[in-house]
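Enquirer: Questions regarding the structure given below will be posed in turn.
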Amino acid sequence: MEMALAEAAAAGARGEVPVGAVVLGPDGAIIARAGNRTLELKDPTAHAEMLAIRQAAAMLGSERLIACDLYVTLEPCPMCAGAISFARIRRLYYGASDPKGGGVEQGARVFAQPTCHHRPEIYSGIGERAAVQLLTDFFAALRS
C-alpha cells in the first residue's frame with residue numbers, strides 16, 4: 001500500500017485527484033503501478049486502477065490477472081470494479097471508503113450483483129488514514 005500511496009501523492013502533485021494503484025503479480029512482485037491521469041490524458045477512464053490493470057495485462061500478456069492482487073488508495077468506482085471483475089483480480093485491498101462514488105462496499109456494490117462474473121477477496125481500510133489525509137489535503141487546497 002505504501003507504493004500506492006506514493007502514486008497517489010504523485011497524482012495529487014500533478015493536480016489529479018490523489019488516487020494510486022499497484023498490481024502485484026503471481027510471485028508477489030509489483031508488476032504495475034499508476035496514479036490518476038484523467039486530466040493529463042483527457043481520458044475519463046484513466047483512473048489509477050484502470051491504468052494499473054492495463055499495464056499488468058500487458059506485462060503478463062493476458063487479459064486475465066487471476067493470481068494478481070490490486071492495492072488502491074480509494075474504494076474503486078463502479079467502472080473500476082467492473083474492470084477488476086473482468087480482469088479476474090484475486091484480491092482487492094483498498095484504503096479509504098468512498099461513500100459518494102464507491103462501487104465496492106458503497107453505492108453500486110458491483111461485486112454483490114448477480115450479474116457479476118468474478119468477485120475478488122476484498123480487504124478495506126488498508127492505509128486508510130494516509131489515503132484519507134491525501135484526499136482531504138488535496139480538496140482543502142482546491143477550496144482555498
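Chain lettering (A, B, ...) mirrors the order of the C-alpha cells, residue numbering begins at 1 for each chain separately, and ligand numbering begins at 1 in order of display.
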Per DSSP on the backbone, what are the helix (DSSP H, G or I) residues of region 48-132 of chain A, as a ChimeraX atom specification?

Expert: /A:48-60,78-87,110-112,128-132

Enquirer: Which polymer residues have any atom within 6 Å of an atom of region 26-43 of chain A, counting only C-alpha atoms, with same-chain residues fewer than 2 positions away left out, as JSON, numbers by chain?

Expert: {"A": [7, 8, 11, 19, 20, 21, 22, 23, 24, 45, 46, 47, 48, 52, 55, 56, 67, 68]}

Enquirer: So which one's closest to Arg54 (chain A), A:Arg119, A:Gly107, A:Ala87, A:Val17? Using only C-alpha atoms, please.

Expert: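 Closest to Arg54 (chain A), using only C-alpha atoms: A:Ala87.
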
Enquirer: Quick one: distance from CA of Glu16 (chain A) to CA of Glu105 (chain A) in Å, one decimal?

Expert: 23.8 Å

Enquirer: Within 12 Å of Gln133 (chain A), counting only C-alpha atoms, which residues qualify if same-chain residues fewer than 2 places away don't, as a PyMOL selection string?

Expert: chain A and resi 5+8-9+12+18-19+73-74+95-96+127-131+135-140

Enquirer: Please provide as a tab-separated table (two decimals) with C-alpha atoms, in the first residue's frame all residues within 6 Å of region 88-94 of chain A, with the sequence filter that same-chain residues fewer than 2 positions apart are discarded (counting only C-alpha atoms).

Expert:
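Below you can see around_26.tsv, which holds the result:
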```
chain	number	residue	atom	x	y	z
A	64	ARG	CA	-6.78	-12.35	-17.04
A	65	LEU	CA	-4.92	-11.36	-13.89
A	66	ILE	CA	-6.06	-14.42	-11.98
A	67	ALA	CA	-3.22	-14.69	-9.47
A	68	CYS	CA	-2.76	-10.92	-9.08
A	69	ASP	CA	-3.67	-8.59	-6.25
A	70	LEU	CA	-4.62	-4.92	-6.56
A	71	TYR	CA	-3.86	-2.29	-3.95
A	72	VAL	CA	-5.64	1.04	-4.37
A	73	THR	CA	-5.85	4.03	-2.04
A	74	LEU	CA	-9.57	4.72	-2.59
A	75	GLU	CA	-12.52	2.37	-2.94
A	84	ILE	CA	-11.40	-5.67	-11.62
A	85	SER	CA	-14.05	-8.34	-12.09
A	86	PHE	CA	-13.36	-8.78	-15.81
A	120	PRO	CA	-12.27	-10.79	-5.64
A	121	GLU	CA	-11.48	-11.18	-1.98
A	122	ILE	CA	-11.90	-7.67	-0.55
A	123	TYR	CA	-9.87	-6.06	2.24
A	124	SER	CA	-10.73	-2.47	3.10
A	126	ILE	CA	-5.58	-0.72	4.47
```

Enquirer: Counting only C-alpha atoms, which of A:Leu134, A:Gly82, A:Lys100, A:Arg14 gets nearest to His118 (chain A)?

Expert: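 Among the listed residues, the smallest separation from His118 (chain A) belongs to A:Gly82.
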
Enquirer: What gap, in Å, lies between CA of Leu51 (chain A) and CA of Met79 (chain A)?

Expert: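 Distance between the two atoms: 12.4 Å.
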
Enquirer: Residues within 10 Å of Gln106 (chain A), please, as a list of chain:residue names. Count only C-alpha atoms; anything in the same chain fewer than 5 positions from it doesn't count.

Expert: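 That gives A:Glu75, A:Pro76, A:Cys77, A:Pro78, A:Ser97, A:Asp98, A:Pro99, A:Lys100, A:Gly101.
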
Enquirer: Would you output that residue set with all heavy atoms, as a PDB file, in the first residue's frame?

Expert:
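And here's again-v5.pdb as it stands now:
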```pdb
ATOM      1  N   GLU A  75     -11.558   3.380  -2.472  1.00  0.00           N
ATOM      2  CA  GLU A  75     -12.520   2.372  -2.940  1.00  0.00           C
ATOM      3  C   GLU A  75     -12.809   2.574  -4.429  1.00  0.00           C
ATOM      4  O   GLU A  75     -13.160   3.672  -4.841  1.00  0.00           O
ATOM      5  CB  GLU A  75     -13.816   2.500  -2.147  1.00  0.00           C
ATOM      6  CG  GLU A  75     -14.911   1.556  -2.592  1.00  0.00           C
ATOM      7  CD  GLU A  75     -16.197   1.728  -1.807  1.00  0.00           C
ATOM      8  OE1 GLU A  75     -16.245   2.574  -0.883  1.00  0.00           O
ATOM      9  OE2 GLU A  75     -17.168   1.020  -2.127  1.00  0.00           O
ATOM     10  N   PRO A  76     -12.643   1.546  -5.228  1.00  0.00           N
ATOM     11  CA  PRO A  76     -12.886   1.684  -6.664  1.00  0.00           C
ATOM     12  C   PRO A  76     -14.322   2.084  -6.995  1.00  0.00           C
ATOM     13  O   PRO A  76     -15.273   1.663  -6.327  1.00  0.00           O
ATOM     14  CB  PRO A  76     -12.578   0.288  -7.212  1.00  0.00           C
ATOM     15  CG  PRO A  76     -11.597  -0.278  -6.233  1.00  0.00           C
ATOM     16  CD  PRO A  76     -12.064   0.236  -4.897  1.00  0.00           C
ATOM     17  N   CYS A  77     -14.446   2.889  -8.037  1.00  0.00           N
ATOM     18  CA  CYS A  77     -15.761   3.293  -8.535  1.00  0.00           C
ATOM     19  C   CYS A  77     -16.388   2.107  -9.274  1.00  0.00           C
ATOM     20  O   CYS A  77     -15.715   1.093  -9.513  1.00  0.00           O
ATOM     21  CB  CYS A  77     -15.611   4.496  -9.469  1.00  0.00           C
ATOM     22  SG  CYS A  77     -14.866   4.096 -11.069  1.00  0.00           S
ATOM     23  N   PRO A  78     -17.651   2.199  -9.687  1.00  0.00           N
ATOM     24  CA  PRO A  78     -18.268   1.086 -10.418  1.00  0.00           C
ATOM     25  C   PRO A  78     -17.522   0.695 -11.698  1.00  0.00           C
ATOM     26  O   PRO A  78     -17.403  -0.498 -11.999  1.00  0.00           O
ATOM     27  CB  PRO A  78     -19.674   1.607 -10.722  1.00  0.00           C
ATOM     28  CG  PRO A  78     -19.965   2.567  -9.604  1.00  0.00           C
ATOM     29  CD  PRO A  78     -18.638   3.232  -9.337  1.00  0.00           C
ATOM     30  N   SER A  97     -12.750   4.428   2.146  1.00  0.00           N
ATOM     31  CA  SER A  97     -14.069   4.183   1.559  1.00  0.00           C
ATOM     32  C   SER A  97     -14.508   5.427   0.804  1.00  0.00           C
ATOM     33  O   SER A  97     -14.072   6.532   1.128  1.00  0.00           O
ATOM     34  CB  SER A  97     -15.098   3.864   2.650  1.00  0.00           C
ATOM     35  OG  SER A  97     -14.793   2.634   3.251  1.00  0.00           O
ATOM     36  N   ASP A  98     -15.366   5.242  -0.191  1.00  0.00           N
ATOM     37  CA  ASP A  98     -15.867   6.371  -0.975  1.00  0.00           C
ATOM     38  C   ASP A  98     -17.388   6.342  -0.975  1.00  0.00           C
ATOM     39  O   ASP A  98     -18.007   5.786  -1.880  1.00  0.00           O
ATOM     40  CB  ASP A  98     -15.319   6.299  -2.398  1.00  0.00           C
ATOM     41  CG  ASP A  98     -15.661   7.537  -3.222  1.00  0.00           C
ATOM     42  OD1 ASP A  98     -16.389   8.423  -2.716  1.00  0.00           O
ATOM     43  OD2 ASP A  98     -15.203   7.616  -4.364  1.00  0.00           O
ATOM     44  N   PRO A  99     -18.014   6.960   0.053  1.00  0.00           N
ATOM     45  CA  PRO A  99     -19.473   6.934   0.150  1.00  0.00           C
ATOM     46  C   PRO A  99     -20.174   7.573  -1.046  1.00  0.00           C
ATOM     47  O   PRO A  99     -21.282   7.197  -1.393  1.00  0.00           O
ATOM     48  CB  PRO A  99     -19.776   7.729   1.427  1.00  0.00           C
ATOM     49  CG  PRO A  99     -18.494   7.809   2.169  1.00  0.00           C
ATOM     50  CD  PRO A  99     -17.388   7.659   1.171  1.00  0.00           C
ATOM     51  N   LYS A 100     -19.506   8.517  -1.701  1.00  0.00           N
ATOM     52  CA  LYS A 100     -20.119   9.238  -2.814  1.00  0.00           C
ATOM     53  C   LYS A 100     -19.963   8.511  -4.154  1.00  0.00           C
ATOM     54  O   LYS A 100     -20.884   8.482  -4.963  1.00  0.00           O
ATOM     55  CB  LYS A 100     -19.504  10.634  -2.914  1.00  0.00           C
ATOM     56  CG  LYS A 100     -20.246  11.580  -3.812  1.00  0.00           C
ATOM     57  CD  LYS A 100     -19.670  12.978  -3.680  1.00  0.00           C
ATOM     58  CE  LYS A 100     -20.417  13.956  -4.547  1.00  0.00           C
ATOM     59  NZ  LYS A 100     -19.878  15.298  -4.442  1.00  0.00           N
ATOM     60  N   GLY A 101     -18.792   7.921  -4.406  1.00  0.00           N
ATOM     61  CA  GLY A 101     -18.553   7.338  -5.721  1.00  0.00           C
ATOM     62  C   GLY A 101     -18.072   5.905  -5.721  1.00  0.00           C
ATOM     63  O   GLY A 101     -17.740   5.369  -6.781  1.00  0.00           O
TER      64      GLY A 101
END
```

Enquirer: Kindly indicate which residue among A:Ala83, A:Glu49, A:Met1, A:Gln113 lies nearest to Glu63 (chain A), using only C-alpha atoms for the distances.

Expert: A:Ala83

Enquirer: So which residues of chain A fall under strand (DSSP E or B) by DSSP, listed as a PyMOL selection string?

Expert: chain A and resi 20-24+30-35+69-74+91-96+121-124

Enquirer: Just the selected residues (N, CA and C atoms), exported as a short mmCIF file (atom, residue, chain, number, x, y, z; two decimals), in the first residue's frame, please.

Expert:
```cif
data_model
loop_
_atom_site.label_atom_id
_atom_site.label_comp_id
_atom_site.auth_asym_id
_atom_site.auth_seq_id
_atom_site.Cartn_x
_atom_site.Cartn_y
_atom_site.Cartn_z
N GLY A 20 -3.93 6.26 -6.06
CA GLY A 20 -2.86 5.44 -6.61
C GLY A 20 -3.22 3.97 -6.54
N ALA A 21 -2.64 3.18 -7.45
CA ALA A 21 -2.91 1.75 -7.50
C ALA A 21 -1.64 1.00 -7.85
N VAL A 22 -1.54 -0.22 -7.33
CA VAL A 22 -0.41 -1.11 -7.59
C VAL A 22 -0.95 -2.52 -7.79
N VAL A 23 -0.42 -3.21 -8.79
CA VAL A 23 -0.78 -4.61 -9.01
C VAL A 23 0.43 -5.47 -8.67
N LEU A 24 0.20 -6.48 -7.84
CA LEU A 24 1.22 -7.47 -7.53
C LEU A 24 0.95 -8.69 -8.39
N ILE A 30 5.75 -6.30 -7.62
CA ILE A 30 4.97 -5.25 -8.29
C ILE A 30 5.18 -5.37 -9.80
N ILE A 31 4.08 -5.49 -10.54
CA ILE A 31 4.17 -5.56 -12.00
C ILE A 31 3.56 -4.34 -12.67
N ALA A 32 2.82 -3.54 -11.90
CA ALA A 32 2.22 -2.33 -12.46
C ALA A 32 1.89 -1.36 -11.33
N ARG A 33 1.98 -0.08 -11.66
CA ARG A 33 1.61 0.95 -10.68
C ARG A 33 1.20 2.19 -11.46
N ALA A 34 0.27 2.92 -10.89
CA ALA A 34 -0.22 4.12 -11.57
C ALA A 34 -0.95 5.02 -10.59
N GLY A 35 -1.03 6.28 -10.98
CA GLY A 35 -1.86 7.26 -10.28
C GLY A 35 -2.86 7.80 -11.29
N ASP A 69 -2.98 -9.36 -7.28
CA ASP A 69 -3.67 -8.59 -6.25
C ASP A 69 -3.54 -7.11 -6.59
N LEU A 70 -4.59 -6.36 -6.29
CA LEU A 70 -4.62 -4.92 -6.56
C LEU A 70 -4.73 -4.16 -5.25
N TYR A 71 -3.82 -3.20 -5.09
CA TYR A 71 -3.86 -2.29 -3.95
C TYR A 71 -4.23 -0.92 -4.50
N VAL A 72 -5.23 -0.28 -3.92
CA VAL A 72 -5.64 1.04 -4.37
C VAL A 72 -5.99 1.89 -3.15
N THR A 73 -5.70 3.17 -3.21
CA THR A 73 -5.85 4.03 -2.04
C THR A 73 -7.29 4.42 -1.75
N LEU A 74 -8.16 4.34 -2.75
CA LEU A 74 -9.57 4.72 -2.59
C LEU A 74 -10.45 3.61 -3.13
N ARG A 91 -7.35 -10.57 -5.34
CA ARG A 91 -7.65 -9.85 -4.10
C ARG A 91 -7.59 -8.36 -4.35
N LEU A 92 -8.52 -7.65 -3.74
CA LEU A 92 -8.57 -6.19 -3.79
C LEU A 92 -8.35 -5.66 -2.38
N TYR A 93 -7.32 -4.81 -2.25
CA TYR A 93 -7.05 -4.13 -0.99
C TYR A 93 -7.24 -2.65 -1.24
N TYR A 94 -8.04 -1.97 -0.44
CA TYR A 94 -8.15 -0.53 -0.62
C TYR A 94 -8.15 0.20 0.70
N GLY A 95 -7.77 1.49 0.61
CA GLY A 95 -7.63 2.31 1.79
C GLY A 95 -8.93 2.96 2.24
N ALA A 96 -9.23 4.10 1.67
CA ALA A 96 -10.39 4.90 2.08
C ALA A 96 -11.67 4.44 1.40
N GLU A 121 -11.49 -11.34 -3.43
CA GLU A 121 -11.48 -11.18 -1.98
C GLU A 121 -11.27 -9.69 -1.75
N ILE A 122 -11.96 -9.11 -0.77
CA ILE A 122 -11.90 -7.67 -0.55
C ILE A 122 -11.41 -7.40 0.88
N TYR A 123 -10.42 -6.49 0.95
CA TYR A 123 -9.87 -6.06 2.24
C TYR A 123 -9.86 -4.54 2.23
N SER A 124 -10.65 -3.93 3.08
CA SER A 124 -10.73 -2.47 3.10
C SER A 124 -10.04 -1.90 4.33
#
```

Enquirer: Which residue out of A:Gly25, A:Ser144, A:Met3, A:Val132 has the minimum interatomic distance to Met59 (chain A) when only C-alpha atoms are used?

Expert: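 Of the candidates, the smallest distance to Met59 (chain A) is held by A:Gly25.
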
Enquirer: So, with only C-alpha atoms as the atoms that count, which of A:Thr115, A:Ala13, A:Ala58, A:Gly102 lies closest to Ala141 (chain A)?

Expert: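 Among the listed residues, A:Ala13 lies closest to Ala141 (chain A).
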